[in-house]
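Peer 1: Below you will find the structure I want to go over with you.
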Amino acid sequence: MRMLRWMCGCIRRDKIRNEAIRNRLGVASMEDKMRESRLRWFRHVKRRSIDAPVRRCESLDMESLRRGRGRPKKYWGEVIRQDMALLQLTENMTLDRRVWRSRINVEGIVFPVAII
């Protein structure tokens, strides 16, 4: 956010909300970009063969584990299911790359990384 504020010529004392600055510059929210990244990885995992080591996490039995005190931690599968429900996706859509990418893509400026 510091870089975005600098680009707009704003400082924190101006008390301009982060959402207003992101909208002004056309930058997507971090939450949306993280969801996009998770769903991209999910598609990669689903396209792998059943014998691949990365697919073993699906067969783990999480019900037998005893969770600690406090708020329950979310497992990767739970978060993916919530993301897919939010974007109205199904697991069968992972087979069609064009449809999947168009549904999960978050619009926003992608800043190039300077290589020094």
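Residues are referred to by chain and number: the chain letter is A, B, ... according to the order shown in the structure tokens, the number counts from 1 in that chain, and ligands are numbered separately from 1 in the order shown.
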Skip A:Arg55 itself and residues of its chain fewer than 3 positions away, then list as a PyMOL selection string all residues within 12 Å of it, counting only C-alpha atoms.

Peer 2: chain A and resi 41-52+58-60+77

Peer 1: Could you write out the selected residues, including N, CA, C and O atoms, as a short mmCIF file (atom, residue, chain, number, x, y, z; two decimals), in the first residue's frame?

Peer 2:
```cif
data_model
loop_
_atom_site.label_atom_id
_atom_site.label_comp_id
_atom_site.auth_asym_id
_atom_site.auth_seq_id
_atom_site.Cartn_x
_atom_site.Cartn_y
_atom_site.Cartn_z
N TRP A 41 -3.39 -23.30 -8.58
CA TRP A 41 -2.68 -24.47 -8.04
C TRP A 41 -3.62 -25.67 -7.98
O TRP A 41 -3.22 -26.80 -8.28
N PHE A 42 -4.86 -25.45 -7.60
CA PHE A 42 -5.85 -26.53 -7.53
C PHE A 42 -6.01 -27.19 -8.90
O PHE A 42 -6.05 -28.41 -9.00
N ARG A 43 -6.09 -26.39 -9.96
CA ARG A 43 -6.21 -26.95 -11.30
C ARG A 43 -4.97 -27.77 -11.65
O ARG A 43 -5.07 -28.85 -12.23
N HIS A 44 -3.82 -27.28 -11.28
CA HIS A 44 -2.57 -28.01 -11.52
C HIS A 44 -2.60 -29.37 -10.82
O HIS A 44 -2.26 -30.40 -11.41
N VAL A 45 -3.05 -29.39 -9.58
CA VAL A 45 -3.10 -30.62 -8.80
C VAL A 45 -4.11 -31.59 -9.41
O VAL A 45 -3.84 -32.79 -9.54
N LYS A 46 -5.26 -31.10 -9.81
CA LYS A 46 -6.30 -31.97 -10.36
C LYS A 46 -5.91 -32.59 -11.68
O LYS A 46 -6.38 -33.67 -12.03
N ARG A 47 -5.07 -31.94 -12.44
CA ARG A 47 -4.65 -32.48 -13.74
C ARG A 47 -3.56 -33.53 -13.60
O ARG A 47 -3.28 -34.26 -14.55
N ARG A 48 -2.93 -33.63 -12.45
CA ARG A 48 -1.88 -34.63 -12.23
C ARG A 48 -2.50 -36.01 -12.10
O ARG A 48 -3.67 -36.16 -11.78
N SER A 49 -1.69 -37.03 -12.29
CA SER A 49 -2.18 -38.40 -12.15
C SER A 49 -2.47 -38.71 -10.67
O SER A 49 -1.96 -38.04 -9.78
N ILE A 50 -3.24 -39.72 -10.46
CA ILE A 50 -3.62 -40.11 -9.09
C ILE A 50 -2.40 -40.53 -8.28
O ILE A 50 -2.35 -40.36 -7.07
N ASP A 51 -1.37 -41.08 -8.95
CA ASP A 51 -0.18 -41.57 -8.27
C ASP A 51 0.81 -40.47 -7.92
O ASP A 51 1.79 -40.73 -7.21
N ALA A 52 0.59 -39.27 -8.39
CA ALA A 52 1.54 -38.17 -8.13
C ALA A 52 1.57 -37.85 -6.64
O ALA A 52 0.53 -37.89 -5.96
N GLU A 58 -5.12 -35.44 -0.87
CA GLU A 58 -6.56 -35.66 -0.97
C GLU A 58 -7.01 -36.88 -0.19
O GLU A 58 -8.13 -36.93 0.30
N SER A 59 -6.13 -37.87 -0.09
CA SER A 59 -6.51 -39.11 0.56
C SER A 59 -6.25 -39.12 2.07
O SER A 59 -6.54 -40.10 2.73
N LEU A 60 -5.69 -38.04 2.60
CA LEU A 60 -5.43 -37.99 4.04
C LEU A 60 -6.73 -37.92 4.81
O LEU A 60 -7.67 -37.23 4.43
N GLY A 77 -8.30 -27.99 1.56
CA GLY A 77 -9.49 -28.45 0.84
C GLY A 77 -10.72 -27.64 1.18
O GLY A 77 -11.55 -27.36 0.31
#
```

Peer 1: For atom CA of A:Met1 and atom CA of A:Asn18, determine how far apart the two atoms are, in Å to one decimal place.

Peer 2: 7.2 Å

Peer 1: What lies within 12 Å of stretch 81-96 of chain A using only C-alpha atoms, ignoring chain neighbours under 2 positions off, as number ranges by chain?

Peer 2: A: 31-48, 74-79, 98-106

Peer 1: Would you mind reading off the distance between atom CA of A:Leu4 and atom CA of A:Arg22, one decimal, in Å?

Peer 2: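 Answer for the atom CA of A:Leu4 to atom CA of A:Arg22 separation: 7.5 Å.
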
Peer 1: In chain A, what's alpha helix (DSSP H) per DSSP? Answer as an NGL selection string?

Peer 2: :A and (2-8 or 18-25 or 30-47 or 76-87 or 97-104)
